[in-house]
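A.B. asks: Following this line is final_15.txt, made up of compact mmCIF, C-alpha atoms:
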# COMPACT_ATOMS: atom_id res chain seq x y z
CA MET A 1 -37.63 69.94 -16.16
CA VAL A 2 -41.03 70.87 -17.57
CA ASP A 3 -40.21 69.02 -20.80
CA ALA A 4 -39.27 65.92 -18.81
CA TYR A 5 -42.56 66.18 -16.90
CA PHE A 6 -44.62 66.32 -20.09
CA LYS A 7 -42.64 63.50 -21.68
CA ARG A 8 -43.34 61.35 -18.62
CA ALA A 9 -47.06 62.27 -18.70
CA GLU A 10 -47.18 61.37 -22.40
CA HIS A 11 -45.51 58.06 -21.66
CA ILE A 12 -48.04 57.28 -18.92
CA ALA A 13 -50.97 58.26 -21.18
CA GLU A 14 -49.63 56.01 -23.93
CA ARG A 15 -49.47 53.08 -21.56
CA ILE A 16 -53.04 53.65 -20.41
CA LEU A 17 -54.57 54.12 -23.86
CA VAL A 18 -52.56 51.63 -25.93
CA SER A 19 -53.27 47.92 -25.54
CA GLY A 20 -49.82 46.65 -26.47
CA TRP A 21 -51.07 44.76 -29.55
CA ASN A 22 -50.32 46.88 -32.61
CA GLU A 23 -52.29 45.31 -35.45
CA ILE A 24 -51.02 47.80 -38.03
CA SER A 25 -47.36 47.02 -37.52
CA SER A 26 -47.96 43.39 -36.39
CA CYS A 27 -45.95 44.14 -33.27
CA ILE A 28 -46.53 43.22 -29.66
CA GLU A 29 -45.28 45.54 -26.94
CA PRO A 30 -43.62 43.28 -24.37
CA LEU A 31 -43.63 43.58 -20.60
CA SER A 32 -40.41 45.01 -19.22
CA SER A 33 -38.77 45.94 -15.97
CA VAL A 34 -35.94 48.37 -15.11
CA PHE A 35 -33.58 48.14 -12.14
CA VAL A 36 -31.04 50.92 -11.55
CA GLY A 37 -27.86 49.64 -9.92
CA THR A 38 -24.74 51.45 -8.81
CA ASN A 39 -22.75 50.72 -11.95
CA ASP A 40 -25.29 49.58 -14.45
CA VAL A 41 -28.96 49.52 -15.33
CA ILE A 42 -30.54 46.09 -15.70
CA VAL A 43 -33.50 45.86 -18.03
CA THR A 44 -35.47 42.64 -18.39
CA VAL A 45 -38.02 41.99 -21.12
CA ASP A 46 -40.51 39.12 -21.27
CA LEU A 47 -40.43 37.66 -24.80
CA PRO A 48 -42.48 34.48 -25.11
CA TYR A 49 -42.13 32.84 -28.55
CA ALA A 50 -39.24 35.15 -29.45
CA ASP A 51 -36.37 33.99 -31.63
CA SER A 52 -33.42 34.81 -29.36
CA LYS A 53 -31.10 35.26 -32.37
CA SER A 54 -33.31 38.01 -33.78
CA VAL A 55 -33.22 40.22 -30.68
CA ARG A 56 -31.94 43.75 -31.32
CA VAL A 57 -31.23 46.32 -28.63
CA LYS A 58 -30.43 49.96 -29.35
CA VAL A 59 -29.91 52.96 -27.10
CA ILE A 60 -32.03 55.74 -28.61
CA GLY A 61 -31.47 59.33 -27.60
CA GLU A 62 -31.39 60.15 -23.93
CA GLY A 63 -33.31 58.04 -21.51
CA ALA A 64 -34.59 55.16 -23.65
CA ILE A 65 -33.68 51.89 -25.32
CA GLU A 66 -35.46 50.15 -28.15
CA VAL A 67 -35.93 46.38 -28.19
CA LYS A 68 -37.02 44.41 -31.24
CA ALA A 69 -37.37 40.68 -31.81
CA GLN A 70 -39.04 38.35 -34.28
CA THR A 71 -41.33 35.60 -33.04
CA THR A 72 -40.73 31.95 -33.89
CA ARG A 73 -44.31 31.64 -35.09
CA MET A 74 -47.16 33.88 -36.20
CA ILE A 75 -49.40 34.81 -33.31
CA ASN A 76 -53.02 35.14 -34.32
CA LEU A 77 -55.60 36.79 -32.08
CA TYR A 78 -58.17 34.46 -33.62
CA ASP A 79 -56.26 31.48 -32.19
CA LEU A 80 -56.24 33.18 -28.79
CA GLY A 81 -60.04 33.19 -28.90
CA LEU A 82 -60.58 36.78 -30.05
CA LYS A 83 -62.60 35.93 -33.14
CA HIS A 84 -63.87 39.52 -33.48
CA ARG A 85 -60.36 40.87 -34.02
CA SER A 86 -58.07 40.23 -36.92
CA GLY A 87 -54.54 40.80 -35.62
CA ILE A 88 -51.63 38.64 -36.69
CA PHE A 89 -48.32 39.34 -34.97
CA SER A 90 -44.79 38.38 -35.92
CA SER A 91 -42.56 40.55 -33.79
CA TYR A 92 -42.01 42.42 -30.58
CA HIS A 93 -41.21 46.10 -30.36
CA GLY A 94 -40.77 48.09 -27.19
CA ILE A 95 -39.32 51.43 -26.17
CA ILE A 96 -38.22 51.30 -22.56
CA HIS A 97 -37.53 54.46 -20.64
CA ILE A 98 -34.35 54.53 -18.54
CA PRO A 99 -34.26 57.05 -15.69
CA VAL A 100 -30.46 57.61 -15.69
CA PRO A 101 -27.92 58.20 -18.48
CA VAL A 102 -26.33 55.01 -19.88
CA GLU A 103 -23.51 54.18 -22.29
CA GLU A 104 -24.17 52.68 -25.69
CA ARG A 105 -20.89 50.76 -25.57
CA GLY A 106 -20.40 47.87 -23.17
CA VAL A 107 -24.03 46.75 -23.32
CA THR A 108 -24.38 43.03 -22.57
CA ARG A 109 -27.38 40.81 -22.88
CA SER A 110 -28.49 37.28 -22.11
CA PHE A 111 -31.61 35.28 -22.83
CA LYS A 112 -32.83 32.80 -20.26
CA ARG A 113 -36.23 31.19 -19.61
CA GLY A 114 -37.68 33.40 -22.35
CA ILE A 115 -36.61 36.58 -20.54
CA LEU A 116 -34.12 38.95 -22.14
CA GLU A 117 -31.76 40.61 -19.67
CA ILE A 118 -29.87 43.72 -20.83
CA ARG A 119 -27.12 45.37 -18.79
CA LEU A 120 -26.26 48.95 -19.70
CA PRO A 121 -23.27 50.65 -18.07
CA ARG A 122 -24.19 53.90 -16.41
CA THR A 123 -22.55 57.05 -17.68
CA VAL A 124 -19.81 58.12 -15.27
CA MET B 1 -74.05 35.98 -6.09
CA GLU B 2 -74.59 32.25 -5.87
CA LYS B 3 -76.09 30.42 -8.81
CA GLY B 4 -75.18 26.81 -8.11
CA ASN B 5 -74.59 24.35 -5.29
CA VAL B 6 -71.79 25.35 -2.98
CA PRO B 7 -70.60 22.46 -0.85
CA LYS B 8 -70.90 22.58 2.93
CA ASN B 9 -67.65 23.07 4.82
CA PRO B 10 -65.75 23.74 1.60
CA ILE B 11 -62.03 24.05 1.16
CA LEU B 12 -61.82 27.48 -0.47
CA LEU B 13 -58.95 28.26 -2.81
CA THR B 14 -58.35 31.82 -4.02
CA GLY B 15 -56.39 32.93 -7.08
CA LEU B 16 -56.23 36.72 -7.24
CA PRO B 17 -53.96 38.69 -9.62
CA ASP B 18 -50.72 39.24 -7.80
CA VAL B 19 -46.97 38.78 -8.27
CA GLY B 20 -46.34 36.63 -11.35
CA LEU B 21 -50.10 35.98 -11.68
CA VAL B 22 -49.22 32.69 -9.98
CA GLY B 23 -52.58 32.23 -8.27
CA VAL B 24 -54.67 33.09 -11.32
CA VAL B 25 -52.71 30.76 -13.61
CA ALA B 26 -52.53 27.92 -11.07
CA LEU B 27 -56.21 27.97 -10.16
CA SER B 28 -57.47 28.51 -13.70
CA HIS B 29 -55.57 25.37 -14.60
CA CYS B 30 -57.03 23.45 -11.64
CA VAL B 31 -60.57 24.58 -12.50
CA SER B 32 -60.11 23.43 -16.08
CA PHE B 33 -58.36 20.14 -15.24
CA LEU B 34 -60.84 19.15 -12.53
CA LYS B 35 -63.78 20.29 -14.69
CA MET B 36 -65.20 22.36 -11.86
CA ASP B 37 -68.64 23.94 -12.20
CA GLU B 38 -69.30 27.66 -11.91
CA VAL B 39 -71.39 28.23 -8.78
CA ALA B 40 -71.08 31.92 -7.91
CA SER B 41 -69.60 35.28 -8.87
CA VAL B 42 -68.39 38.33 -6.99
CA GLU B 43 -70.02 41.63 -7.92
CA SER B 44 -69.42 45.13 -6.61
CA ASP B 45 -70.29 48.70 -7.52
CA ILE B 46 -66.68 49.67 -6.89
CA PHE B 47 -65.30 47.27 -9.48
CA PRO B 48 -64.65 48.73 -12.93
CA PRO B 49 -67.48 48.07 -15.46
CA ILE B 50 -65.99 44.90 -16.95
CA VAL B 51 -67.44 41.61 -18.11
CA VAL B 52 -65.46 38.85 -19.72
CA LEU B 53 -66.98 36.87 -22.58
CA HIS B 54 -66.62 33.11 -22.54
CA GLY B 55 -68.45 31.12 -25.20
CA GLY B 56 -70.20 34.34 -26.15
CA ILE B 57 -71.75 34.73 -22.67
CA PRO B 58 -70.90 37.69 -20.42
CA LYS B 59 -69.39 36.58 -17.13
CA SER B 60 -68.25 38.39 -14.04
CA PRO B 61 -64.44 38.60 -14.04
CA ILE B 62 -64.38 37.16 -10.51
CA ARG B 63 -66.04 33.76 -10.35
CA VAL B 64 -66.33 30.82 -7.99
CA PHE B 65 -66.10 27.22 -9.15
CA SER B 66 -66.75 24.05 -7.24
CA LYS B 67 -66.31 20.29 -7.37
CA GLU B 68 -67.07 18.08 -4.40
CA SER B 69 -65.52 19.81 -1.38
CA ILE B 70 -63.11 22.03 -3.32
CA THR B 71 -64.22 25.57 -4.17
CA ALA B 72 -62.03 27.94 -6.18
CA LEU B 73 -62.37 31.72 -6.54
CA VAL B 74 -60.51 33.04 -9.57
CA ALA B 75 -60.22 36.62 -10.82
CA GLU B 76 -59.60 37.47 -14.48
CA MET B 77 -59.08 41.18 -13.93
CA ALA B 78 -56.63 43.21 -11.87
CA ILE B 79 -58.27 44.05 -8.57
CA PRO B 80 -58.35 47.83 -8.02
CA ALA B 81 -56.33 48.72 -4.95
CA ALA B 82 -59.32 50.66 -3.62
CA ALA B 83 -61.47 47.51 -3.70
CA ILE B 84 -59.13 45.17 -1.88
CA ASN B 85 -60.51 45.73 1.60
CA GLN B 86 -64.08 45.11 0.53
CA LEU B 87 -63.11 42.06 -1.53
CA ALA B 88 -61.10 40.53 1.33
CA ASN B 89 -64.02 41.11 3.73
CA THR B 90 -66.43 39.52 1.25
CA ILE B 91 -64.26 36.44 0.68
CA VAL B 92 -63.66 35.84 4.38
CA GLY B 93 -67.28 36.59 5.25
CA TRP B 94 -68.45 34.11 2.65
CA ALA B 95 -65.97 31.48 3.85
CA SER B 96 -67.25 31.99 7.40
CA SER B 97 -70.91 31.71 6.33
CA LYS B 98 -70.14 28.40 4.60
CA ASN B 99 -68.19 27.17 7.62
CA ALA B 100 -65.15 26.68 5.41
CA GLU B 101 -62.84 23.93 6.58
CA LEU B 102 -59.76 25.67 5.17
CA LEU B 103 -58.94 28.70 3.02
CA ILE B 104 -55.84 28.59 0.79
CA CYS B 105 -54.66 31.74 -1.00
CA ILE B 106 -52.32 31.02 -3.88
CA GLY B 107 -49.83 33.63 -4.98
CA GLY B 108 -46.27 34.51 -5.81
CA MET B 109 -43.26 35.73 -3.92
CA ALA B 110 -41.05 37.94 -6.06
CA VAL B 111 -37.37 37.02 -6.12
CA GLN B 112 -34.75 39.01 -8.02
CA ASN B 113 -32.85 35.97 -9.27
CA ARG B 114 -35.91 34.07 -10.56
CA GLN B 115 -34.23 33.53 -13.95
CA ASP B 116 -31.60 31.40 -12.21
CA ILE B 117 -34.08 29.26 -10.29
CA GLU B 118 -34.93 25.93 -11.92
CA GLN B 119 -37.42 24.70 -9.32
CA PRO B 120 -39.26 27.54 -7.54
CA LYS B 121 -39.74 26.93 -3.84
CA VAL B 122 -43.11 27.26 -2.17
CA PHE B 123 -43.55 29.08 1.13
CA ALA B 124 -46.55 29.28 3.43
CA ALA B 125 -47.86 31.94 5.77
CA LEU B 126 -50.41 30.61 8.25
CA SER B 127 -53.34 32.17 10.08
CA ASP B 128 -52.38 30.12 13.12
CA LYS B 129 -49.56 27.72 14.02
CA ALA B 130 -52.10 24.91 14.44
CA VAL B 131 -52.72 25.03 10.67
CA SER B 132 -49.17 23.80 9.98
CA ASP B 133 -50.36 20.17 10.19
CA LYS B 134 -52.44 20.73 7.07
CA LEU B 135 -49.34 21.63 5.05
CA ARG B 136 -48.05 18.03 5.04
CA GLY B 137 -44.57 19.30 4.26
CA ALA B 138 -45.73 20.85 1.00
CA ALA B 139 -44.24 24.26 1.78
CA GLU B 140 -41.74 25.94 4.07
CA ILE B 141 -43.31 28.16 6.70
CA MET B 142 -42.56 31.89 6.52
CA GLU B 143 -41.55 32.91 10.00
CA GLU B 144 -40.83 36.64 9.50
CA GLY B 145 -41.52 39.19 6.76
CA TYR B 146 -44.22 41.31 5.15
CA ILE B 147 -47.15 40.30 2.99
CA VAL B 148 -48.85 43.10 1.08
CA GLY B 149 -52.15 43.02 -0.78
CA PRO B 150 -55.43 41.12 -0.63
CA TYR B 151 -53.86 37.97 0.82
CA ALA B 152 -52.44 39.98 3.71
CA LEU B 153 -55.93 41.14 4.60
CA ILE B 154 -57.52 37.71 4.07
CA LEU B 155 -54.93 36.00 6.26
CA LYS B 156 -55.33 38.54 9.06
CA LYS B 157 -59.12 38.41 8.94
CA CYS B 158 -59.06 34.60 9.01
CA ALA B 159 -56.75 34.73 12.02
CA ASP B 160 -59.19 37.06 13.79
CA LEU B 161 -62.17 34.77 13.05
CA ASN B 162 -60.35 31.48 13.72
CA ILE B 163 -60.78 30.30 10.14
CA PRO B 164 -57.82 28.05 9.23
CA ALA B 165 -56.00 29.74 6.35
CA ILE B 166 -52.79 29.34 4.41
CA ALA B 167 -51.17 31.78 1.98
CA LEU B 168 -49.15 29.59 -0.38
CA LEU B 169 -46.51 31.79 -2.01
CA THR B 170 -44.18 30.49 -4.72
CA GLN B 171 -40.92 32.09 -5.81
CA SER B 172 -41.75 33.91 -9.04
CA PHE B 173 -41.11 36.84 -11.32
CA TYR B 174 -42.51 40.09 -9.96
CA ASN B 175 -43.67 41.58 -13.23
CA TYR B 176 -44.09 38.65 -15.62
CA PRO B 177 -46.67 35.84 -15.72
CA ASP B 178 -44.92 32.75 -14.33
CA PRO B 179 -46.47 29.41 -15.38
CA GLU B 180 -43.54 27.45 -13.92
CA ALA B 181 -44.19 28.99 -10.50
CA ALA B 182 -47.88 28.20 -10.96
CA ALA B 183 -46.96 24.56 -11.65
CA ALA B 184 -44.93 24.44 -8.42
CA ALA B 185 -47.90 25.90 -6.53
CA VAL B 186 -50.22 23.25 -7.97
CA THR B 187 -47.76 20.51 -6.99
CA SER B 188 -47.90 21.78 -3.40
CA LEU B 189 -51.67 21.96 -3.56
CA ASN B 190 -51.77 18.34 -4.75
CA LYS B 191 -49.83 17.31 -1.62
CA ILE B 192 -51.97 19.35 0.77
CA LEU B 193 -55.35 18.29 -0.63
CA ASP B 194 -54.58 14.87 -2.16
CA LEU B 195 -55.41 16.15 -5.62
CA LYS B 196 -53.93 14.72 -8.79
CA VAL B 197 -53.83 17.78 -11.01
CA ASP B 198 -51.36 17.21 -13.83
CA THR B 199 -49.10 20.26 -14.29
CA SER B 200 -47.46 19.27 -17.58
CA GLU B 201 -49.73 21.52 -19.64
CA LEU B 202 -48.70 24.55 -17.58
CA LEU B 203 -45.12 23.84 -18.60
CA SER B 204 -45.71 22.83 -22.23
CA LYS B 205 -48.01 25.81 -22.88
CA GLY B 206 -45.94 28.22 -20.80
CA GLU B 207 -45.23 30.66 -23.63
CA GLU B 208 -48.87 30.81 -24.67
CA ILE B 209 -49.93 31.42 -21.06
CA ARG B 210 -47.37 34.22 -20.70
CA LEU B 211 -48.65 35.87 -23.85
CA ARG B 212 -52.34 35.55 -22.93
CA ALA B 213 -51.72 36.88 -19.42
CA LYS B 214 -49.56 39.81 -20.55
CA ASP B 215 -52.27 42.44 -20.42
CA THR B 216 -53.66 41.32 -17.06
CA MET B 217 -50.10 41.37 -15.69
CA ARG B 218 -49.62 44.92 -16.93
CA ARG B 219 -52.75 46.12 -15.16
CA THR B 220 -51.88 44.14 -12.04
CA GLN B 221 -48.47 45.85 -11.98
CA ALA B 222 -50.20 49.23 -11.82
CA GLU B 223 -52.43 48.15 -8.93
CA MET B 224 -49.54 46.53 -7.05
CA ALA B 225 -47.65 49.83 -7.21
CA LYS B 226 -50.59 51.61 -5.58
CA MET B 227 -50.54 49.05 -2.75
CA ASN B 228 -46.81 49.55 -2.12
CA LYS B 229 -46.33 45.88 -2.96
CA ALA B 230 -42.55 46.38 -2.96
CA GLN B 231 -42.64 46.51 0.83
CA GLU B 232 -42.63 42.69 0.72
CA TYR B 233 -38.91 42.98 -0.04
CA GLU B 234 -38.28 44.84 3.21
CA VAL B 235 -37.15 43.59 6.61
CA PRO B 236 -39.55 44.16 9.51
CA PRO B 237 -37.92 46.22 12.27
CA LEU B 238 -39.05 44.02 15.16
CA TYR B 239 -39.16 40.29 15.73
CA MET B 240 -41.83 39.84 18.34
Would you give me this structure, written as structure tokens?
C.D. replies:
Amino acid sequence: MVDAYFKRAEHIAERILVSGWNEISSCIEPLSSVFVGTNDVIVTVDLPYADSKSVRVKVIGEGAIEVKAQTTRMINLYDLGLKHRSGIFSSYHGIIHIPVPVEERGVTRSFKRGILEIRLPRTV
Amino acid sequence: MEKGNVPKNPILLTGLPDVGLVGVVALSHCVSFLKMDEVASVESDIFPPIVVLHGGIPKSPIRVFSKESITALVAEMAIPAAAINQLANTIVGWASSKNAELLICIGGMAVQNRQDIEQPKVFAALSDKAVSDKLRGAAEIMEEGYIVGPYALILKKCADLNIPAIALLTQSFYNYPDPEAAAAAVTSLNKILDLKVDTSELLSKGEEIRLRAKDTMRRTQAEMAKMNKAQEYEVPPLYM
């Protein structure tokens, strides 16, 4: 229980200190949302400019999934008006924490209006 | 702090960071399209120490723009939950001092099935039933429910001071910037105020807007959680 507490605190600290634009890996951390249902967990991820065919979802360890996707175009901070920064981004990468155990098999996903929806069956 | 000419009896529009950042996106677009002039800013010691640079010049993240009788207050930062009361008081107090003709708060209404909605609907909460004439059929009136956040306070304070006010709330994503919902809000605004703001850019540049607004949305999410924003999903126990 103590380990879980410190993991959660670390996760919160990361979210406060990290901007979500990783210039070293050229990755953007996307916005996401988790809804725990009776039979499954529904995760949505906002992926503007993402190539839907490149989306990869993986259950990693206990309590998290990893989402990756390539963008359809290079995203340059300079073009967004931040001329004092040099980031160029070509992909999304996010690790999303899931509060209940889920199965790796039977995961379904859909992509609509630029939002990825992932359904993960809960472990019985 | 005023620095320009604010019209008498203005129609005051507010776009504060909220569900789907609908108000911020909608009003920023209106300010840009109508080429409104910056006339004032909102400052407070309880705001975080933030300025936003535009054209190399430091600006307050909460600014007021004006053109003819239309005045728009737009915030570019998440409003700390602890500052909401003071901000709502300031906005309504300022509207009262200018003898505002009408105050319209623009925001979102989170719906779980937003991905399946092609044309988001616009709803309105009114400070008084008499204000319904001003809607001109642009939105459906919310009869029952909760509103949580700065617009809740603004609407209630306007009701207490007899300032006509409308909270225009468009079906939107809870956690993601929603330019399509913003476009629907602007379409309603066009009907209410006889404006001709073209919304096509909100739709064609939707992905860019979502990306630009990502960080503000993340911070707004954190502040919404502190306000218990999710109570808007709940059913009030009484109906009187």
A.B. asks: Can you work out the spacing between atom CA of Ser26 of chain A and atom CA of Asn76 of chain A in Å, to one decimal?
C.D. replies: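 Atom CA of Asn76 of chain A lies at a distance of 9.9 Å from atom CA of Ser26 of chain A.
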A.B. asks: Interatomic distance between atom CA of Ile91 of chain B and atom CA of Ala138 of chain B?
C.D. replies: 24.2 Å
A.B. asks: Would you give me, as a list of chain:residue names, the residues of chain A that come within 9 Å of chain B, using only C-alpha atoms?
C.D. replies: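 For chain A, the answer reads A:Ser19, A:Gly20, A:Pro30, A:Leu31, A:Ser32, A:Ser33, A:Val45, A:Asp46, A:Leu47, A:Pro48, A:Tyr49, A:Leu80, A:Lys112, A:Arg113, A:Gly114, A:Ile115.
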A.B. asks: Show me the residues close to (-34.1, 40.1, -18.8) - anything with an atom within 6 Å, counting all atoms listed in the file - and format the list as a PyMOL selection string.
C.D. replies: chain A and resi 43-45+115-118
A.B. asks: How about saving the chosen residues, C-alpha atoms kept, as an mmCIF file, in the coordinates of the input?
C.D. replies:
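Result saved to selection-v5.cif:
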data_model
loop_
_atom_site.group_PDB
_atom_site.id
_atom_site.type_symbol
_atom_site.label_atom_id
_atom_site.label_comp_id
_atom_site.auth_asym_id
_atom_site.auth_seq_id
_atom_site.Cartn_x
_atom_site.Cartn_y
_atom_site.Cartn_z
ATOM 1 C CA VAL A 43 -33.500 45.860 -18.030
ATOM 2 C CA THR A 44 -35.470 42.640 -18.390
ATOM 3 C CA VAL A 45 -38.020 41.990 -21.120
ATOM 4 C CA ILE A 115 -36.610 36.580 -20.540
ATOM 5 C CA LEU A 116 -34.120 38.950 -22.140
ATOM 6 C CA GLU A 117 -31.760 40.610 -19.670
ATOM 7 C CA ILE A 118 -29.870 43.720 -20.830
#
A.B. asks: Take atom CA of Glu23 of chain A and atom CA of Glu223 of chain B and report the distance between them in Å, one decimal.
C.D. replies: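 For atom CA of Glu23 of chain A relative to atom CA of Glu223 of chain B, the distance reads 26.7 Å.
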A.B. asks: From the set B:Ile154, B:Ile79, B:Val122, B:Leu195, which residue has the shortest atom-to-atom contact distance to Met227 of chain B, counting all atoms listed in the file?
C.D. replies: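 Of B:Ile154, B:Ile79, B:Val122, B:Leu195, the one nearest Met227 of chain B is B:Ile79, counting all atoms listed in the file.
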A.B. asks: Counting only C-alpha atoms, figure out which residue out of A:Arg85, A:His93, A:Arg73, A:Lys58 gets nearest to Glu29 of chain A.
C.D. replies: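 Answer, going by the shortest atom-to-atom distance: A:His93.
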A.B. asks: Counting all atoms listed in the file, which residues come within 7 Å of (-25.9, 57.1, -14.4), with the point read in the file's coordinates, and could you list them as a list in words?
C.D. replies: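 Within the cut-off we find Val100, Pro101, Val102, Arg122, Thr123 and Val124 of chain A.
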A.B. asks: With only C-alpha atoms as the atoms that count, which of B:Leu155, B:Ala182, B:Glu76, B:Val24 lies nearest to Asp198 of chain B?
C.D. replies: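 Under the stated criterion, the closest residue is B:Ala182.
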A.B. asks: Which residues come within 9 Å of Ser96 of chain B, counting all atoms listed in the file, excluding same-chain residues fewer than 5 positions away, as a list of chain:residue names?
C.D. replies: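 Non-adjacent residues within range: B:Ile91, B:Cys158, B:Leu161, B:Ile163.
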A.B. asks: Using all atoms listed in the file, which protein or nucleic acid residues come within 7 Å of Asp40 of chain A? Drop anything in the same chain fewer than 6 positions from it, and give the result as a PyMOL selection string.
C.D. replies: chain A and resi 119-122
A.B. asks: Would you mind completing segment 104-120 of chain B to N, CA and C atoms and writing the output as a PDB file, in the coordinates of the input?
C.D. replies:
ATOM      1  N   ILE B 104     -57.222  28.537   1.295  1.00  0.00           N
ATOM      2  CA  ILE B 104     -55.840  28.590   0.790  1.00  0.00           C
ATOM      3  C   ILE B 104     -55.738  29.673  -0.274  1.00  0.00           C
ATOM      4  N   CYS B 105     -54.909  30.686  -0.020  1.00  0.00           N
ATOM      5  CA  CYS B 105     -54.660  31.740  -1.000  1.00  0.00           C
ATOM      6  C   CYS B 105     -53.401  31.386  -1.760  1.00  0.00           C
ATOM      7  N   ILE B 106     -53.477  31.419  -3.078  1.00  0.00           N
ATOM      8  CA  ILE B 106     -52.320  31.020  -3.880  1.00  0.00           C
ATOM      9  C   ILE B 106     -51.747  32.236  -4.578  1.00  0.00           C
ATOM     10  N   GLY B 107     -50.446  32.455  -4.381  1.00  0.00           N
ATOM     11  CA  GLY B 107     -49.830  33.630  -4.980  1.00  0.00           C
ATOM     12  C   GLY B 107     -48.346  33.447  -5.198  1.00  0.00           C
ATOM     13  N   GLY B 108     -47.698  34.563  -5.523  1.00  0.00           N
ATOM     14  CA  GLY B 108     -46.270  34.510  -5.810  1.00  0.00           C
ATOM     15  C   GLY B 108     -45.483  35.276  -4.770  1.00  0.00           C
ATOM     16  N   MET B 109     -44.179  34.985  -4.759  1.00  0.00           N
ATOM     17  CA  MET B 109     -43.260  35.730  -3.920  1.00  0.00           C
ATOM     18  C   MET B 109     -42.118  36.166  -4.838  1.00  0.00           C
ATOM     19  N   ALA B 110     -42.028  37.457  -5.086  1.00  0.00           N
ATOM     20  CA  ALA B 110     -41.050  37.940  -6.060  1.00  0.00           C
ATOM     21  C   ALA B 110     -39.629  37.725  -5.564  1.00  0.00           C
ATOM     22  N   VAL B 111     -38.794  37.164  -6.436  1.00  0.00           N
ATOM     23  CA  VAL B 111     -37.370  37.020  -6.120  1.00  0.00           C
ATOM     24  C   VAL B 111     -36.578  37.597  -7.283  1.00  0.00           C
ATOM     25  N   GLN B 112     -35.496  38.307  -6.968  1.00  0.00           N
ATOM     26  CA  GLN B 112     -34.750  39.010  -8.020  1.00  0.00           C
ATOM     27  C   GLN B 112     -34.029  38.053  -8.957  1.00  0.00           C
ATOM     28  N   ASN B 113     -33.623  36.889  -8.429  1.00  0.00           N
ATOM     29  CA  ASN B 113     -32.850  35.970  -9.270  1.00  0.00           C
ATOM     30  C   ASN B 113     -33.708  34.846  -9.838  1.00  0.00           C
ATOM     31  N   ARG B 114     -34.981  35.113 -10.091  1.00  0.00           N
ATOM     32  CA  ARG B 114     -35.910  34.070 -10.560  1.00  0.00           C
ATOM     33  C   ARG B 114     -35.409  33.387 -11.825  1.00  0.00           C
ATOM     34  N   GLN B 115     -34.710  34.128 -12.689  1.00  0.00           N
ATOM     35  CA  GLN B 115     -34.230  33.530 -13.950  1.00  0.00           C
ATOM     36  C   GLN B 115     -33.257  32.395 -13.686  1.00  0.00           C
ATOM     37  N   ASP B 116     -32.589  32.428 -12.519  1.00  0.00           N
ATOM     38  CA  ASP B 116     -31.600  31.400 -12.210  1.00  0.00           C
ATOM     39  C   ASP B 116     -32.189  30.247 -11.403  1.00  0.00           C
ATOM     40  N   ILE B 117     -33.460  30.299 -11.122  1.00  0.00           N
ATOM     41  CA  ILE B 117     -34.080  29.260 -10.290  1.00  0.00           C
ATOM     42  C   ILE B 117     -34.779  28.236 -11.178  1.00  0.00           C
ATOM     43  N   GLU B 118     -34.329  26.995 -11.102  1.00  0.00           N
ATOM     44  CA  GLU B 118     -34.930  25.930 -11.920  1.00  0.00           C
ATOM     45  C   GLU B 118     -36.246  25.434 -11.311  1.00  0.00           C
ATOM     46  N   GLN B 119     -36.229  25.222  -9.996  1.00  0.00           N
ATOM     47  CA  GLN B 119     -37.420  24.700  -9.320  1.00  0.00           C
ATOM     48  C   GLN B 119     -37.850  25.708  -8.253  1.00  0.00           C
ATOM     49  N   PRO B 120     -38.845  26.539  -8.538  1.00  0.00           N
ATOM     50  CA  PRO B 120     -39.260  27.540  -7.540  1.00  0.00           C
ATOM     51  C   PRO B 120     -39.734  26.876  -6.255  1.00  0.00           C
TER      52      PRO B 120
END
